[in-house]
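Below is one structure, written out as structure tokens; comments come after it.
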Amino acid sequence: MGGGRKQGKMRSPTRGLGRVMVFLAAALASASLAVPEGWAEEGVQYGQVGTDVTLSCVGAHVGSAVEWRRDGAAALPAGSAMRHGALVLPRASLAAAGTYSCHSEDGGLLHAVSLRLGHLPGVPFVSCRASDYENFSCSWTSSLETFLPTRYITTYRKKSLTGEEKRRSKNGHVGPCVQDPAHAGTCTVHKSEFWSSYRMNVTEVNPLGSSFRLLDITMQAIIKPDPPEGLVVEPVPRAPRRLQVRWRYPTSWPKEPHFQLKFRLQYRPIIHRSWSVVETVNLSEVITDAFAGLEHVVQVSAKDFLDAGNWSEWSAEARATPVRDPATVVSEETTTDASLESLAEEPSQAPNPEPINRSDPLEKVAILVSLGIFAFFILAAVLVITILVWLRMRKHGKDETKPHNFLVAATHLKALPKAQIL
């Protein structure tokens with residue numbers, strides 16, 4: 001059995017080399033041979049631009065004279081030549097395409113063929129994205145305009161396999177990436193695993209040959225959720241600088257405890273160009289620095305909670321205007337009434353010199369409280385200084401009275417008789 005294995009290993013390179021040679025031979029001959037299997041269209045022949053293309057006159061007798069025509073006329077592309085009844089177009093260009101027919105000496109139609117010229121497929125451009133952690137999709141575009149009908153073969157292979165998976169699948173778990181006829185150039189791999197790696201194979205095929213692109217991907221790197229949905233922005237009553245924003249998870253993202261999303265909120269007044277950005281894990285947020293009375297534009301995007309992959313595209317815009325400051329509204333109404341009365345009495349073009357107060361009532365209260373605290377500390381400091389000065393002056397007064405009393409007592413003792421003193 002051991003010898004059998006070695007012999008099999010020795011033969012496998014030979015078989016592989018044989019397959020490569022067959023593939024190369026088929027590619028080289030495709031310019032002049034009939035349509036390959038799978039592209040069989042009756043009366044159509046494909047050829048590669050820049051190569052010699054040979055058109056056979058099917059039905060002609062060997063050695064008999066034939067006449068070739070193109071689109072019904074005797075004029076043929078420059079450099080055309082006939083060999084044993086076949087028409088040879090050297091280094092054919094796209095302009096040589098058309099319907100060719102061969103005729104007998106009496107003008108009878110022997111054979112007609114539609115010649116389509118183009119290029120071999122180029123290596124396609126491929127990109128992949130996962131809009132959730134259970135499926136991923138790939139899209140592709142051709143790198144070369146071939147001017148020929150083209151189809152794509154899309155497959156994938158899971159790179160990291162468990163022992164059980166290896167026993168079940170000798171081909172490394174190769175499966176089809178399912179193409180959606182409604183969305184050309186895309187395919188989807190269903191029931192993929194978030195922690196696994198995959199190798200995508202996108203092969204472009206046309207009647208002349210094929211070309212493929214291999215792309216290694218990991219789910220964590222290509223995860224990109226769809227934008228959040230149901231974005232709603234509303235003003236907050238009696239809060240002229242606030243807007244309430246809420247949204248929902250994208251429907252394509254299954255809500256599971258282990259796969260959460262985080263969100264990024266951007267907003268700005270419509271008259272400004274720069275955005276303010278806030279990140280959150282909640283499905284709602286309160287904007288606290290909006291401009292009262294100005295319409296704001298709000299958008300939201302999403303990303304995997306553990307920072308895998310990329311941020312989603314921004315959601316559709318939602319707009320709202322914060323409520324106006326009640327004090328401002330009253331001030332403006334008063335100013336308007338006064339202006340109307342003055343206009344009724346005597347027209348005037350002078351503007352109102354009083355500025356409109358647009359400050360937040362909470363800010364007013366905070367300022368008043370701050371001023372009160374500041375005044376309290378000032379008064380306390382003045383009081384402490386006054387007490388200290390008074391105490392110092394009192395102590396100084398006591399010190400001045402002590403020498404005077406001593407002199408009085410000494411004088412009194414000196415005036416007393418000695419006997420009394422003793």
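How things are named: the first chain in the structure tokens is A, the next is B, and so on; residues count from 1 in each chain; ligands count from 1 in the order shown.
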
**Report entry** Sel. of strand (DSSP E or B) residues, region 185-338 of chain A, as a PyMOL selection string
**Finding:** chain A and resi 186-189+197-206+209-218+223+229-235+243-248+256+259+261-269+276-280+284-287+296-304+318-320

Query - Nearby residues (only C-alpha atoms) at most 6 Å from region 39-47 of chain A, same-chain spacing under 5 positions excluded, as a list in words - result: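 So, after excluding close chain neighbours, the residues are Ala31, Val113, Ser114, Leu115, Arg116 and Leu117 of chain A.
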
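Among A:Pro250, A:Pro149, A:Pro124, A:Pro237, the residue with the shortest atom-to-atom distance to Phe212 (chain A), counting only C-alpha atoms, is A:Pro124.
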
Report task. Using only C-alpha atoms, determine which residues lie at most 10 Å from Ile270 (chain A), disregarding the query and same-chain residues fewer than 6 positions distant; provide the list as a PyMOL selection string. Result -> chain A and resi 294-298+319

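Every protein or nucleic acid residue with an atom no more than 7 Å from region 316-318 of chain A, counting only C-alpha atoms and leaving out same-chain residues fewer than 2 positions away, appears here: A:Leu231, A:Val232, A:Val233, A:Val297, A:Val298, A:Gln299, A:Trp314.
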
Written file, previous selection with all heavy atoms, as a compact mmCIF listing (two decimals), in the first residue's frame:
```txt
# COMPACT_ATOMS: atom_id res chain seq x y z
N LEU A 231 -34.53 56.26 11.15
CA LEU A 231 -33.99 57.43 11.85
C LEU A 231 -35.06 58.50 12.01
O LEU A 231 -35.70 58.91 11.04
CB LEU A 231 -32.80 57.99 11.07
CG LEU A 231 -32.12 59.24 11.64
CD1 LEU A 231 -31.54 58.94 13.01
CD2 LEU A 231 -31.05 59.74 10.69
N VAL A 232 -35.26 58.93 13.25
CA VAL A 232 -36.26 59.96 13.58
C VAL A 232 -35.60 61.01 14.47
O VAL A 232 -34.90 60.68 15.43
CB VAL A 232 -37.48 59.36 14.31
CG1 VAL A 232 -38.46 60.45 14.71
CG2 VAL A 232 -38.17 58.33 13.41
N VAL A 233 -35.82 62.28 14.14
CA VAL A 233 -35.29 63.39 14.93
C VAL A 233 -36.45 64.30 15.31
O VAL A 233 -37.25 64.69 14.45
CB VAL A 233 -34.23 64.20 14.14
CG1 VAL A 233 -33.60 65.26 15.03
CG2 VAL A 233 -33.17 63.27 13.58
N VAL A 297 -29.46 68.81 10.29
CA VAL A 297 -29.38 67.58 9.52
C VAL A 297 -28.70 66.52 10.38
O VAL A 297 -27.65 66.78 10.97
CB VAL A 297 -28.60 67.78 8.21
CG1 VAL A 297 -28.54 66.49 7.42
CG2 VAL A 297 -29.23 68.88 7.39
N VAL A 298 -29.28 65.32 10.43
CA VAL A 298 -28.76 64.25 11.28
C VAL A 298 -28.63 62.97 10.45
O VAL A 298 -29.52 62.65 9.65
CB VAL A 298 -29.67 64.00 12.50
CG1 VAL A 298 -29.09 62.90 13.39
CG2 VAL A 298 -29.86 65.29 13.30
N GLN A 299 -27.51 62.23 10.64
CA GLN A 299 -27.32 60.92 10.04
C GLN A 299 -26.67 59.99 11.07
O GLN A 299 -26.06 60.45 12.03
CB GLN A 299 -26.41 61.01 8.81
CG GLN A 299 -27.03 61.71 7.61
CD GLN A 299 -26.06 61.79 6.45
OE1 GLN A 299 -25.02 62.43 6.54
NE2 GLN A 299 -26.41 61.16 5.34
N TRP A 314 -23.49 56.01 5.72
CA TRP A 314 -24.40 56.85 6.51
C TRP A 314 -25.84 56.60 6.09
O TRP A 314 -26.13 56.33 4.92
CB TRP A 314 -24.05 58.32 6.31
CG TRP A 314 -22.77 58.73 6.96
CD1 TRP A 314 -21.59 58.99 6.33
CD2 TRP A 314 -22.52 58.91 8.36
NE1 TRP A 314 -20.61 59.31 7.25
CE2 TRP A 314 -21.15 59.28 8.50
CE3 TRP A 314 -23.31 58.80 9.50
CZ2 TRP A 314 -20.59 59.54 9.74
CZ3 TRP A 314 -22.72 59.06 10.73
CH2 TRP A 314 -21.39 59.42 10.85
```

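Among the candidates A:Val123, A:Ala75, A:Ala130, A:Val369, the one nearest to Glu145 (chain A) when counting only C-alpha atoms is A:Val123.
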
Requested in this report: Would you work out the distance separating CA of Phe263 (chain A) from CA of Val278 (chain A), expressed in Å to one decimal?
Outcome: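 A separation of 8.4 Å between them.
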